[in-house]
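Q: Dropping in upload_0.tsv, with TSV, C-alpha atoms and all ligand atoms.
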```tsv
chain	number	residue	atom	x	y	z
A	154	MET	CA	0.00	0.00	0.00
A	155	ASN	CA	1.44	3.38	-1.01
A	156	GLU	CA	-1.35	5.70	0.01
A	157	LEU	CA	-3.70	5.72	2.92
A	158	THR	CA	-6.69	8.04	3.11
A	159	ILE	CA	-8.55	8.27	6.40
A	160	LEU	CA	-11.11	10.57	7.97
A	161	LYS	CA	-9.26	13.51	9.49
A	162	PRO	CA	-8.06	12.49	12.95
A	163	ASP	CA	-8.45	14.29	16.28
A	164	ASP	CA	-5.92	14.46	19.09
A	165	TRP	CA	-7.80	13.65	22.28
A	166	HIS	CA	-5.01	14.82	24.63
A	167	LEU	CA	-2.31	17.43	24.19
A	168	HIS	CA	-0.54	20.48	25.61
A	169	PHE	CA	-0.29	23.71	23.61
A	170	ARG	CA	1.15	25.92	26.40
A	171	ASP	CA	0.54	29.66	25.96
A	172	GLY	CA	1.91	32.98	24.68
A	173	ASP	CA	4.36	32.96	21.77
A	174	LEU	CA	4.70	29.21	21.93
A	175	LEU	CA	1.20	28.89	20.46
A	176	GLN	CA	2.65	30.14	17.15
A	177	GLU	CA	4.62	26.89	17.05
A	178	THR	CA	2.35	24.36	18.73
A	179	VAL	CA	-1.05	25.17	17.24
A	180	PRO	CA	-0.06	25.00	13.53
A	181	ALA	CA	1.93	21.82	14.23
A	182	THR	CA	-1.22	20.11	15.50
A	183	ALA	CA	-3.64	21.74	13.02
A	184	ARG	CA	-1.39	20.27	10.28
A	185	CYS	CA	-3.13	16.91	10.61
A	186	PHE	CA	-5.79	17.08	13.32
A	187	ALA	CA	-9.26	18.62	13.03
A	188	ARG	CA	-9.75	18.95	16.79
A	189	ALA	CA	-7.68	18.55	19.92
A	190	ILE	CA	-8.47	18.31	23.60
A	191	VAL	CA	-6.32	20.99	25.17
A	192	MET	CA	-4.87	20.32	28.61
A	193	PRO	CA	-5.34	23.07	31.21
A	194	ASN	CA	-2.00	22.79	33.07
A	195	LEU	CA	-0.82	26.33	32.39
A	196	VAL	CA	0.69	28.57	35.06
A	197	PRO	CA	-1.70	29.53	36.62
A	198	PRO	CA	-3.92	26.58	35.67
A	199	VAL	CA	-7.09	27.03	33.63
A	200	THR	CA	-9.62	26.43	36.39
A	201	ASN	CA	-12.90	27.82	35.09
A	202	ALA	CA	-14.95	28.42	31.95
A	203	GLU	CA	-13.93	32.05	31.60
A	204	MET	CA	-10.22	31.22	31.67
A	205	ALA	CA	-10.76	28.35	29.25
A	206	LEU	CA	-12.68	30.53	26.79
A	207	ASN	CA	-9.97	33.21	26.91
A	208	TYR	CA	-7.33	30.55	26.33
A	209	LYS	CA	-9.37	29.23	23.43
A	210	LYS	CA	-9.32	32.70	21.83
A	211	ARG	CA	-5.53	32.79	22.07
A	212	ILE	CA	-5.33	29.33	20.47
A	213	LEU	CA	-7.67	30.32	17.66
A	214	ALA	CA	-5.63	33.48	17.04
A	215	ALA	CA	-2.58	31.24	16.49
A	216	SER	CA	-4.44	28.78	14.25
A	217	PRO	CA	-3.53	28.71	10.57
A	218	THR	CA	-6.04	30.10	8.07
A	219	PRO	CA	-7.76	27.03	6.65
A	220	ALA	CA	-7.35	26.29	2.95
A	221	ALA	CA	-10.35	27.10	0.77
A	222	GLU	CA	-13.39	24.97	1.56
A	223	THR	CA	-11.81	23.26	4.54
A	224	GLU	CA	-12.88	23.42	8.16
A	225	PRO	CA	-10.83	25.53	10.60
A	226	PHE	CA	-8.97	23.78	13.43
A	227	SER	CA	-11.13	23.45	16.53
A	228	PRO	CA	-9.65	23.35	20.06
A	229	LEU	CA	-11.75	21.52	22.65
A	230	MET	CA	-11.23	23.12	26.03
A	231	THR	CA	-10.86	21.63	29.50
A	232	ILE	CA	-10.76	22.96	33.05
A	233	TYR	CA	-8.36	21.90	35.80
A	234	LEU	CA	-9.90	20.50	38.99
A	235	THR	CA	-8.49	21.96	42.21
A	236	ASN	CA	-9.44	21.86	45.89
A	237	THR	CA	-11.58	24.94	45.31
A	238	THR	CA	-13.51	23.81	42.21
A	239	SER	CA	-17.22	24.28	42.90
A	240	VAL	CA	-20.36	22.61	41.61
A	241	GLU	CA	-21.16	26.00	40.05
A	242	ASP	CA	-17.82	25.88	38.13
A	243	ILE	CA	-18.89	22.56	36.61
A	244	LYS	CA	-22.31	23.82	35.67
A	245	SER	CA	-20.94	26.95	34.01
A	246	ALA	CA	-18.20	24.95	32.24
A	247	LYS	CA	-20.85	22.75	30.68
A	248	GLN	CA	-22.99	25.75	29.71
A	249	ALA	CA	-19.97	27.46	28.14
A	250	GLY	CA	-19.23	24.47	25.91
A	251	ILE	CA	-16.17	23.23	27.78
A	252	THR	CA	-15.51	19.63	26.73
A	253	ALA	CA	-14.16	18.04	29.93
A	254	ALA	CA	-12.47	18.55	33.30
A	255	LYS	CA	-9.01	17.22	34.15
A	256	PHE	CA	-7.94	15.62	37.38
A	257	TYR	CA	-4.24	15.69	38.23
A	258	PRO	CA	-3.07	14.23	41.52
A	259	ALA	CA	-1.02	16.95	43.25
A	260	GLY	CA	2.61	16.79	42.20
A	261	ALA	CA	2.04	14.17	39.49
A	262	THR	CA	3.54	16.10	36.60
A	263	THR	CA	4.37	19.43	34.92
A	264	ASN	CA	2.48	22.29	36.62
A	265	SER	CA	0.36	20.08	38.83
A	266	ASP	CA	1.10	21.80	42.14
A	267	ALA	CA	-2.37	23.34	42.22
A	268	ALA	CA	-3.97	19.93	41.91
A	269	VAL	CA	-5.94	17.87	44.36
A	270	SER	CA	-4.31	15.95	47.19
A	271	GLN	CA	-7.34	13.87	48.19
A	272	ILE	CA	-9.40	12.52	45.32
A	273	ASP	CA	-12.31	11.72	47.65
A	274	SER	CA	-12.71	15.41	48.40
A	275	LEU	CA	-13.82	15.87	44.79
A	276	TYR	CA	-16.74	13.46	45.05
A	277	PRO	CA	-19.38	16.27	45.05
A	278	ILE	CA	-17.69	17.62	41.92
A	279	PHE	CA	-17.74	14.23	40.20
A	280	GLU	CA	-21.42	13.98	41.07
A	281	ALA	CA	-22.03	17.33	39.36
A	282	MET	CA	-19.97	16.23	36.36
A	283	ALA	CA	-22.05	13.07	36.01
A	284	LYS	CA	-25.24	15.12	36.29
A	285	HIS	CA	-24.13	17.65	33.66
A	286	SER	CA	-22.46	15.05	31.40
A	287	LEU	CA	-19.01	16.61	31.63
A	288	PRO	CA	-16.37	13.89	31.10
A	289	LEU	CA	-13.59	13.43	33.65
A	290	LEU	CA	-10.05	13.14	32.27
A	291	ILE	CA	-7.59	11.52	34.63
A	292	HIS	CA	-3.83	11.56	35.02
A	293	GLY	CA	-3.79	8.19	36.70
A	294	GLU	CA	-0.81	8.06	39.01
A	295	VAL	CA	-0.43	8.12	42.78
A	296	THR	CA	2.24	10.51	43.95
A	297	ASP	CA	3.20	9.13	47.37
A	298	ASN	CA	6.96	9.32	47.86
A	299	ASP	CA	7.16	5.73	48.98
A	300	ILE	CA	5.61	4.39	45.76
A	301	ASP	CA	8.01	3.42	43.02
A	302	ILE	CA	7.60	5.56	39.92
A	303	PHE	CA	7.06	2.46	37.75
A	304	ASP	CA	4.15	1.30	39.97
A	305	ARG	CA	2.29	4.58	40.24
A	306	GLU	CA	-0.30	3.97	37.54
A	307	ALA	CA	-1.20	0.44	38.60
A	308	ILE	CA	-1.56	1.53	42.23
A	309	PHE	CA	-3.72	4.51	41.26
A	310	ILE	CA	-6.10	2.16	39.44
A	311	ASP	CA	-6.22	-0.19	42.38
A	312	ARG	CA	-6.59	2.39	45.13
A	313	ASN	CA	-8.61	5.13	43.46
A	314	LEU	CA	-9.98	4.45	40.03
A	315	THR	CA	-11.81	1.20	40.65
A	316	LYS	CA	-13.75	2.80	43.49
A	317	LEU	CA	-14.39	5.99	41.53
A	318	ALA	CA	-15.78	4.09	38.56
A	319	ARG	CA	-18.01	2.04	40.85
A	320	ASN	CA	-19.34	5.12	42.64
A	321	PHE	CA	-20.06	7.08	39.46
A	322	PRO	CA	-21.30	4.63	36.84
A	323	GLU	CA	-22.88	7.48	34.84
A	324	LEU	CA	-19.69	9.56	34.68
A	325	LYS	CA	-17.68	9.36	31.48
A	326	ILE	CA	-14.01	8.84	32.36
A	327	VAL	CA	-10.93	8.87	30.16
A	328	LEU	CA	-7.81	7.41	31.70
A	329	GLU	CA	-5.20	9.44	29.83
A	330	HIS	CA	-1.93	8.21	28.33
A	331	ILE	CA	-2.13	4.67	29.69
A	332	THR	CA	1.15	2.83	30.11
A	333	THR	CA	0.52	-0.52	31.77
A	334	ARG	CA	-1.07	-3.91	31.36
A	335	GLU	CA	-3.11	-3.15	34.46
A	336	ALA	CA	-4.58	-0.09	32.77
A	337	VAL	CA	-5.45	-2.03	29.62
A	338	ASP	CA	-7.15	-4.73	31.71
A	339	PHE	CA	-9.02	-2.15	33.75
A	340	ILE	CA	-10.34	-0.41	30.63
A	341	ASN	CA	-11.34	-3.68	28.96
A	342	GLU	CA	-13.21	-4.81	32.06
A	343	SER	CA	-15.05	-1.55	32.68
A	344	SER	CA	-18.28	-0.15	31.26
A	345	SER	CA	-18.57	1.71	27.97
A	346	ASN	CA	-18.39	4.98	29.94
A	347	ILE	CA	-14.68	4.40	30.53
A	348	ALA	CA	-12.02	4.72	27.84
A	349	ALA	CA	-8.32	5.50	27.46
A	350	THR	CA	-5.92	7.43	25.25
A	351	ILE	CA	-2.61	5.97	24.12
A	352	THR	CA	0.45	8.02	23.08
A	353	PRO	CA	2.87	7.18	20.28
A	354	GLN	CA	5.81	6.98	22.67
A	355	HIS	CA	4.18	4.36	24.88
A	356	LEU	CA	3.39	2.21	21.84
A	357	LEU	CA	6.83	2.64	20.29
A	358	PHE	CA	9.07	2.46	23.31
A	359	ASN	CA	9.70	0.83	26.65
A	360	ARG	CA	11.97	1.86	29.50
A	361	ASN	CA	15.06	0.53	27.74
A	362	ASP	CA	14.57	3.32	25.22
A	363	LEU	CA	14.84	5.77	28.09
A	364	LEU	CA	17.74	4.30	30.03
A	365	VAL	CA	19.91	1.86	28.09
A	366	GLY	CA	23.13	3.26	26.64
A	367	GLY	CA	22.67	6.57	28.49
A	368	ILE	CA	19.69	8.61	29.62
A	369	LYS	CA	17.52	9.81	26.73
A	370	PRO	CA	15.85	12.92	28.14
A	371	HIS	CA	13.67	13.42	25.08
A	372	ASN	CA	11.97	10.08	25.79
A	373	PHE	CA	11.18	11.10	29.36
A	374	CYS	CA	7.50	11.67	29.96
A	375	LEU	CA	4.96	10.92	32.67
A	376	PRO	CA	3.66	8.38	33.23
A	377	ILE	CA	7.17	7.07	32.63
A	378	LEU	CA	7.86	4.44	29.95
A	379	LYS	CA	7.37	0.98	31.44
A	380	ARG	CA	8.85	-2.44	30.80
A	381	ASP	CA	8.33	-4.39	27.60
A	382	ILE	CA	5.37	-6.46	28.85
A	383	HIS	CA	3.41	-3.26	29.33
A	384	GLN	CA	4.33	-1.92	25.90
A	385	GLN	CA	3.11	-5.21	24.44
A	386	ALA	CA	-0.18	-4.91	26.36
A	387	LEU	CA	-0.76	-1.45	24.85
A	388	ARG	CA	-0.01	-2.84	21.40
A	389	LYS	CA	-2.50	-5.64	21.98
A	390	ALA	CA	-5.09	-3.06	23.00
A	391	VAL	CA	-4.79	-1.25	19.65
A	392	ILE	CA	-4.62	-4.53	17.75
A	393	SER	CA	-7.92	-5.55	19.38
A	394	GLY	CA	-9.60	-2.59	17.66
A	395	SER	CA	-11.64	-1.94	20.81
A	396	LYS	CA	-13.58	1.33	20.71
A	397	LYS	CA	-12.36	2.05	24.23
A	398	PHE	CA	-8.87	3.03	23.08
A	399	PHE	CA	-8.14	6.11	21.02
A	400	LEU	CA	-5.46	8.52	19.91
A	401	GLY	CA	-4.07	11.07	22.36
A	402	THR	CA	-0.52	12.17	21.67
A	403	ASP	CA	0.16	13.97	24.96
A	404	SER	CA	2.40	16.17	22.81
A	405	ALA	CA	4.03	18.34	25.50
A	406	PRO	CA	6.68	20.85	24.43
A	407	HIS	CA	9.64	21.79	26.62
A	408	ALA	CA	12.60	23.77	25.23
A	409	LYS	CA	15.78	21.76	24.65
A	410	HIS	CA	17.60	23.23	27.66
A	411	ARG	CA	14.71	22.27	29.94
A	412	LYS	CA	14.92	18.64	28.80
A	413	GLU	CA	18.71	18.33	28.59
A	414	SER	CA	19.18	19.35	32.18
A	415	ALA	CA	20.24	17.91	35.53
A	416	CYS	CA	16.53	17.97	36.42
A	417	GLY	CA	14.85	17.52	33.07
A	418	CYS	CA	11.17	18.17	32.36
A	419	ALA	CA	8.73	15.40	31.45
A	420	GLY	CA	7.06	15.53	28.05
A	421	CYS	CA	7.58	14.53	24.42
A	422	TYR	CA	6.83	17.09	21.72
A	423	SER	CA	5.35	14.77	19.13
A	424	ALA	CA	3.02	17.07	17.16
A	425	TRP	CA	5.50	17.34	14.29
A	426	SER	CA	5.15	13.68	13.44
A	427	ALA	CA	2.06	12.59	15.34
A	428	ILE	CA	-0.12	10.81	12.80
A	429	GLU	CA	2.97	9.56	10.95
A	430	LEU	CA	4.26	7.91	14.13
A	431	TYR	CA	0.99	6.11	14.67
A	432	ALA	CA	0.97	5.02	11.00
A	433	GLU	CA	4.47	3.60	11.48
A	434	ILE	CA	3.37	1.60	14.52
A	435	PHE	CA	0.12	0.40	12.96
A	436	GLU	CA	2.00	-0.75	9.87
A	437	GLU	CA	4.52	-2.61	12.01
A	438	LEU	CA	1.61	-4.34	13.74
A	439	SER	CA	-0.04	-5.08	10.36
A	440	ILE	CA	-3.17	-3.17	11.38
A	441	LEU	CA	-3.04	-0.10	9.11
A	442	SER	CA	-6.68	-0.82	8.32
A	443	LYS	CA	-7.48	-0.03	11.97
A	444	LEU	CA	-5.72	3.34	12.05
A	445	GLU	CA	-8.77	5.32	10.98
A	446	ALA	CA	-10.98	3.98	13.77
A	447	PHE	CA	-8.31	4.57	16.44
A	448	ALA	CA	-7.39	8.04	15.19
A	449	SER	CA	-10.65	9.38	13.81
A	450	THR	CA	-13.81	7.69	15.09
A	451	HIS	CA	-13.43	6.02	18.51
A	452	GLY	CA	-12.71	9.31	20.28
A	453	ALA	CA	-15.47	11.29	18.58
A	454	ASP	CA	-17.97	8.52	19.33
A	455	PHE	CA	-16.92	8.35	22.97
A	456	TYR	CA	-17.29	12.12	23.40
A	457	GLN	CA	-20.54	12.01	21.41
A	458	LEU	CA	-19.19	14.56	18.96
A	459	PRO	CA	-19.77	14.34	15.20
A	460	ARG	CA	-17.14	12.43	13.25
A	461	ASN	CA	-15.03	14.58	10.94
A	462	THR	CA	-16.01	14.47	7.29
A	463	GLU	CA	-12.80	15.73	5.68
A	464	THR	CA	-9.97	13.30	5.04
A	465	ILE	CA	-6.17	13.26	5.13
A	466	THR	CA	-3.91	11.18	2.96
A	467	LEU	CA	-0.66	9.62	4.06
A	468	ILE	CA	1.83	8.56	1.42
A	469	LYS	CA	4.53	5.95	1.74
A	470	LYS	CA	7.67	8.09	1.59
A	471	ASP	CA	10.71	8.16	3.86
A	472	TRP	CA	11.47	11.37	5.70
A	473	SER	CA	13.37	12.35	8.82
A	474	VAL	CA	11.98	14.19	11.82
A	475	PRO	CA	14.04	17.39	12.25
A	476	GLU	CA	16.83	17.34	14.87
A	477	GLU	CA	15.69	20.66	16.25
A	478	ILE	CA	13.06	23.31	15.68
A	479	ALA	CA	13.42	26.99	16.59
A	480	LEU	CA	10.73	28.18	18.98
A	481	PRO	CA	9.27	31.68	18.55
A	482	ASP	CA	11.46	32.94	21.43
A	483	GLY	CA	14.58	31.70	19.62
A	484	ASN	CA	15.18	28.71	21.90
A	485	PRO	CA	15.54	25.34	20.20
A	486	ILE	CA	13.26	22.41	20.95
A	487	VAL	CA	13.99	18.79	20.09
A	488	PRO	CA	10.90	17.13	18.68
A	489	PHE	CA	10.06	13.57	19.66
A	490	TYR	CA	11.78	11.02	17.37
A	491	ALA	CA	14.26	13.71	16.25
A	492	GLY	CA	16.63	12.65	13.49
A	493	GLN	CA	14.84	9.33	13.05
A	494	SER	CA	13.24	8.18	9.89
A	495	LEU	CA	9.53	7.58	9.30
A	496	SER	CA	8.05	5.87	6.31
A	497	TRP	CA	4.66	7.60	6.10
A	498	GLN	CA	4.26	11.26	5.28
A	499	LEU	CA	1.25	13.53	5.28
A	500	LYS	CA	0.41	14.44	1.69
B	601	LIG	O1	5.15	13.95	30.31
B	601	LIG	C1	4.23	14.70	30.58
B	601	LIG	N1	4.25	16.01	30.26
B	601	LIG	N2	3.15	14.20	31.22
B	601	LIG	C2	2.16	14.98	31.65
B	601	LIG	O2	1.23	14.47	32.20
B	601	LIG	C3	2.24	16.46	31.48
B	601	LIG	C4	3.11	16.83	30.37
B	601	LIG	C5	3.49	18.29	30.36
B	601	LIG	O3	2.60	19.14	30.58
B	601	LIG	O4	4.65	18.61	30.10
B	602	ZN	ZN	-0.72	15.31	29.15
```
Would you write the structure of this file as structure tokens?
A:
Amino acid sequence: MNELTILKPDDWHLHFRDGDLLQETVPATARCFARAIVMPNLVPPVTNAEMALNYKKRILAASPTPAAETEPFSPLMTIYLTNTTSVEDIKSAKQAGITAAKFYPAGATTNSDAAVSQIDSLYPIFEAMAKHSLPLLIHGEVTDNDIDIFDREAIFIDRNLTKLARNFPELKIVLEHITTREAVDFINESSSNIAATITPQHLLFNRNDLLVGGIKPHNFCLPILKRDIHQQALRKAVISGSKKFFLGTDSAPHAKHRKESACGCAGCYSAWSAIELYAEIFEELSILSKLEAFASTHGADFYQLPRNTETITLIKKDWSVPEEIALPDGNPIVPFYAGQSLSWQLK
């Protein structure tokens, strides 16, 4: 096969950041995605509808002018749950057209200091979210110091998520960027109200790709890459074709000096090669015919949003991801998979 045409995909989880950086990140995503769920972990975090709508305006201002007779890029906004989120915040978020609310455990990742320390304290908020049909997006890791970083997702599922799902059967939940066999099993065993996103890095790599032969800071993200058995479980999940798994890149830009540092930031900036990376993986798994469902229909169906009607075409042609890209402030950034070759290219 030398050409693959699929319905235009959506990215159900990513980070655009703010300010000048939007000039880089928004066009990179609008290149191949019709919509994207935009994470709210700015500084300060996007905690209510008003902040989210203002952020949306800044994203739209940085969006490329669509080609004639094509739809403009559409950001889907989220709010960040904190200890002070109110039932009123949820109601107004829904009324304002906000797509979802994000739960970060305090200290779990980049800019999550404002997040919630006790998930149970949010139960009245989850109740309101279920009532107003506002999906809950979860960064599923415990953050206790005594828990090994490689076990944090599995323990979160065991301690928190199972109970949450049982208590709120009506609440739509997306477990974001899953990384473990335990997460795949949990999703497969749960109701149709619970789904998961999977990143390209967690399908492509395992922890050897982070640590063997020297630390590879550009492969460091959270949840951290796990061992091979978990990578294989994620691959099996996409091979299964289950509607409960869909595309979410977690593209998360950090300037080169913030990654190549004694205390490097977590996040892979994959927007530059997002759909091409997935195509590479799906071809390797001999499931290219399942790419469209994973990238373009499962997510829309889960969120009960219309499927896109435009298409994109990928052509079989080798190209290399750039080694570096200049950010609008002049700093370089190293995109995910930098310098490596991919065999599918967006036409
Ligand atoms: O690696 C990550 N980077 N994981 C996250 O959950 C957040 C993200 C970021 O914002 O940089
Ligand atoms: Zn993320």
Q: How many Å separate atom CA of Val487 of chain A from atom CA of Leu364 of chain A?
A: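 Between atom CA of Val487 of chain A and atom CA of Leu364 of chain A the gap works out to 18.0 Å.
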Q: Interatomic distance between atom CA of Asp164 of chain A and atom CA of Arg319 of chain A?
A: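 So the two atoms, atom CA of Asp164 of chain A and atom CA of Arg319 of chain A, lie 27.8 Å apart.
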Q: With all atoms listed in the file as the counted atoms, please give the residues lying no more than 12 Å from Ser245 of chain A, apart from itself and same-chain residues fewer than 2 positions off, as a list in words.
A: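 Here the answer would be Thr200, Asn201, Ala202, Glu203, Met204, Ala205, Leu206, Ile232, Thr238, Ser239, Val240, Glu241, Asp242, Ile243, Lys247, Gln248, Ala249, Gly250, Ile251, Thr252, Ala253, Ala254, Ala281, Met282, His285 and Leu287 of chain A.
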Q: At a cut-off of 12 Å from (10.1, 31.0, 19.4) in the coordinates of the file, what residues are picked up using only C-alpha atoms, written as a ChimeraX atom specification?
A: /A:171-178,406-408,478-486
Q: Keeping C-alpha atoms, export the residues of the selection given above as an mmCIF file, keeping the file's coordinate frame.
A:
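Listed below is the output, again.cif:
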```cif
data_model
loop_
_atom_site.group_PDB
_atom_site.id
_atom_site.type_symbol
_atom_site.label_atom_id
_atom_site.label_comp_id
_atom_site.auth_asym_id
_atom_site.auth_seq_id
_atom_site.Cartn_x
_atom_site.Cartn_y
_atom_site.Cartn_z
ATOM 1 C CA ASP A 171 0.540 29.660 25.960
ATOM 2 C CA GLY A 172 1.910 32.980 24.680
ATOM 3 C CA ASP A 173 4.360 32.960 21.770
ATOM 4 C CA LEU A 174 4.700 29.210 21.930
ATOM 5 C CA LEU A 175 1.200 28.890 20.460
ATOM 6 C CA GLN A 176 2.650 30.140 17.150
ATOM 7 C CA GLU A 177 4.620 26.890 17.050
ATOM 8 C CA THR A 178 2.350 24.360 18.730
ATOM 9 C CA PRO A 406 6.680 20.850 24.430
ATOM 10 C CA HIS A 407 9.640 21.790 26.620
ATOM 11 C CA ALA A 408 12.600 23.770 25.230
ATOM 12 C CA ILE A 478 13.060 23.310 15.680
ATOM 13 C CA ALA A 479 13.420 26.990 16.590
ATOM 14 C CA LEU A 480 10.730 28.180 18.980
ATOM 15 C CA PRO A 481 9.270 31.680 18.550
ATOM 16 C CA ASP A 482 11.460 32.940 21.430
ATOM 17 C CA GLY A 483 14.580 31.700 19.620
ATOM 18 C CA ASN A 484 15.180 28.710 21.900
ATOM 19 C CA PRO A 485 15.540 25.340 20.200
ATOM 20 C CA ILE A 486 13.260 22.410 20.950
#
```
Q: For a test of reading the model, state the distance in Å between atom CA of Cys421 of chain A and atom CA of Gln493 of chain A, rounded to one decimal.
A: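 Straight-line distance from atom CA of Cys421 of chain A to atom CA of Gln493 of chain A works out to 14.5 Å.
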Q: May I have the residues within 8 Å of segment 398-400 of chain A as a VMD selection string, using only C-alpha atoms and disregarding those fewer than 4 positions away in the same chain?
A: chain A and resid 163 to 166 348 to 352 390 to 391 394 447 to 448 451 to 452
Q: Produce a file of the selected residues containing C-alpha atoms, as a PDB file, keeping the file's coordinate frame.
A:
```
ATOM      1  CA  ASP A 163      -8.450  14.290  16.280  1.00  0.00           C
ATOM      2  CA  ASP A 164      -5.920  14.460  19.090  1.00  0.00           C
ATOM      3  CA  TRP A 165      -7.800  13.650  22.280  1.00  0.00           C
ATOM      4  CA  HIS A 166      -5.010  14.820  24.630  1.00  0.00           C
ATOM      5  CA  ALA A 348     -12.020   4.720  27.840  1.00  0.00           C
ATOM      6  CA  ALA A 349      -8.320   5.500  27.460  1.00  0.00           C
ATOM      7  CA  THR A 350      -5.920   7.430  25.250  1.00  0.00           C
ATOM      8  CA  ILE A 351      -2.610   5.970  24.120  1.00  0.00           C
ATOM      9  CA  THR A 352       0.450   8.020  23.080  1.00  0.00           C
ATOM     10  CA  ALA A 390      -5.090  -3.060  23.000  1.00  0.00           C
ATOM     11  CA  VAL A 391      -4.790  -1.250  19.650  1.00  0.00           C
ATOM     12  CA  GLY A 394      -9.600  -2.590  17.660  1.00  0.00           C
ATOM     13  CA  PHE A 447      -8.310   4.570  16.440  1.00  0.00           C
ATOM     14  CA  ALA A 448      -7.390   8.040  15.190  1.00  0.00           C
ATOM     15  CA  HIS A 451     -13.430   6.020  18.510  1.00  0.00           C
ATOM     16  CA  GLY A 452     -12.710   9.310  20.280  1.00  0.00           C
TER      17      GLY A 452
END
```
Q: Neighbours of ligand LIG 601 (chain B) within 6 Å, counting only C-alpha atoms and all ligand atoms, as a list in words?
A: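 Using only C-alpha atoms and all ligand atoms, everything at most 6 Å from ligand LIG 601 (chain B) comes to Thr262, Thr263, Cys374, Leu375, Ala405, Ala419 and Gly420 of chain A.
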Q: Could you name the residues that touch Ala267 of chain A at 10 Å or less, counting all atoms listed in the file, but leaving out those on the same chain fewer than 4 positions away, as a list of chain:residue names?
A: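 My reading of the contact set: A:Asn194, A:Val196, A:Pro197, A:Pro198, A:Thr200, A:Tyr233, A:Leu234, A:Thr235, A:Asn236, A:Thr237, A:Tyr257, A:Pro258, A:Ala259, A:Gly260.
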Q: List as number ranges by chain the protein and nucleic acid residues near Ala491 of chain A, meaning an atom at most 6 Å away when all atoms listed in the file are counted, but skip any in the same chain fewer than 6 places from it.
A: A: 474-476
Q: Could you please give me, as a ChimeraX atom specification, the residues of protein, DNA or RNA lying at most 12 Å from (-23.3, 9.8, 33.2) in the coordinate frame of the file, considering all atoms listed in the file?
A: /A:279-289,318,320-326,344-347,456
Q: Give the answer as one residue: which of A:Thr464, A:Ser404, A:Gln457, A:Thr450 has the shortest atom-to-atom distance to ligand ZN 602 (chain B), using all atoms listed in the file?
A: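 Ranking A:Thr464, A:Ser404, A:Gln457, A:Thr450 by distance to ligand ZN 602 (chain B), first place goes to A:Ser404.
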Q: For Lys470 of chain A, which of A:Ser496, A:Thr332, A:Ser439, A:Ser449 is the closest residue, counting all atoms listed in the file?
A: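 Between A:Ser496, A:Thr332, A:Ser439, A:Ser449, the residue approaching Lys470 of chain A most closely is A:Ser496.
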Q: Ranking A:Ala307, A:Ile159, A:Val269, A:Leu328 by minimum distance to ligand ZN 602 (chain B) and counting all atoms listed in the file, which one comes first?
A: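 Of the candidates, the smallest distance to ligand ZN 602 (chain B) is held by A:Leu328.
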Q: Considering all atoms listed in the file, can you say which of A:Asn298, A:Thr231, A:Asn361, A:Asn372 comes closest to Glu413 of chain A?
A: A:Asn372
Q: Pick the closest to ligand ZN 602 (chain B) from A:Leu314, A:Leu495, A:Leu275, A:Ile190: which is it, counting all atoms listed in the file?
A: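 Of A:Leu314, A:Leu495, A:Leu275, A:Ile190, the one nearest ligand ZN 602 (chain B), counting all atoms listed in the file, is A:Ile190.
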Q: Which residue out of A:Arg305, A:His330, A:Lys397, A:Lys210 has the minimum interatomic distance to ligand ZN 602 (chain B) when all atoms listed in the file are used?
A: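 For ligand ZN 602 (chain B), the nearest of the candidates is A:His330.
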Q: Could you add whatever atoms are missing so that segment 182-188 of chain A carries N, CA, C and O atoms, then write the result as a tab-separated table (two decimals), in the coordinates of the input?
A:
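Now in selection-v1.tsv:
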```tsv
chain	number	residue	atom	x	y	z
A	182	THR	N	-0.11	21.05	15.29
A	182	THR	CA	-1.22	20.11	15.50
A	182	THR	C	-2.30	20.26	14.43
A	182	THR	O	-2.82	19.25	13.92
A	183	ALA	N	-2.59	21.50	14.03
A	183	ALA	CA	-3.64	21.74	13.02
A	183	ALA	C	-3.24	21.16	11.66
A	183	ALA	O	-4.09	20.90	10.81
A	184	ARG	N	-1.93	20.92	11.48
A	184	ARG	CA	-1.39	20.27	10.28
A	184	ARG	C	-2.16	19.00	9.94
A	184	ARG	O	-2.47	18.75	8.79
A	185	CYS	N	-2.46	18.17	10.94
A	185	CYS	CA	-3.13	16.91	10.61
A	185	CYS	C	-4.36	16.60	11.45
A	185	CYS	O	-5.07	15.64	11.14
A	186	PHE	N	-4.62	17.38	12.48
A	186	PHE	CA	-5.79	17.08	13.32
A	186	PHE	C	-6.87	18.14	13.15
A	186	PHE	O	-6.58	19.33	13.02
A	187	ALA	N	-8.13	17.69	13.14
A	187	ALA	CA	-9.26	18.62	13.03
A	187	ALA	C	-9.55	19.27	14.37
A	187	ALA	O	-9.89	20.44	14.45
A	188	ARG	N	-9.45	18.46	15.44
A	188	ARG	CA	-9.75	18.95	16.79
A	188	ARG	C	-8.70	18.43	17.74
A	188	ARG	O	-8.03	17.43	17.44
```
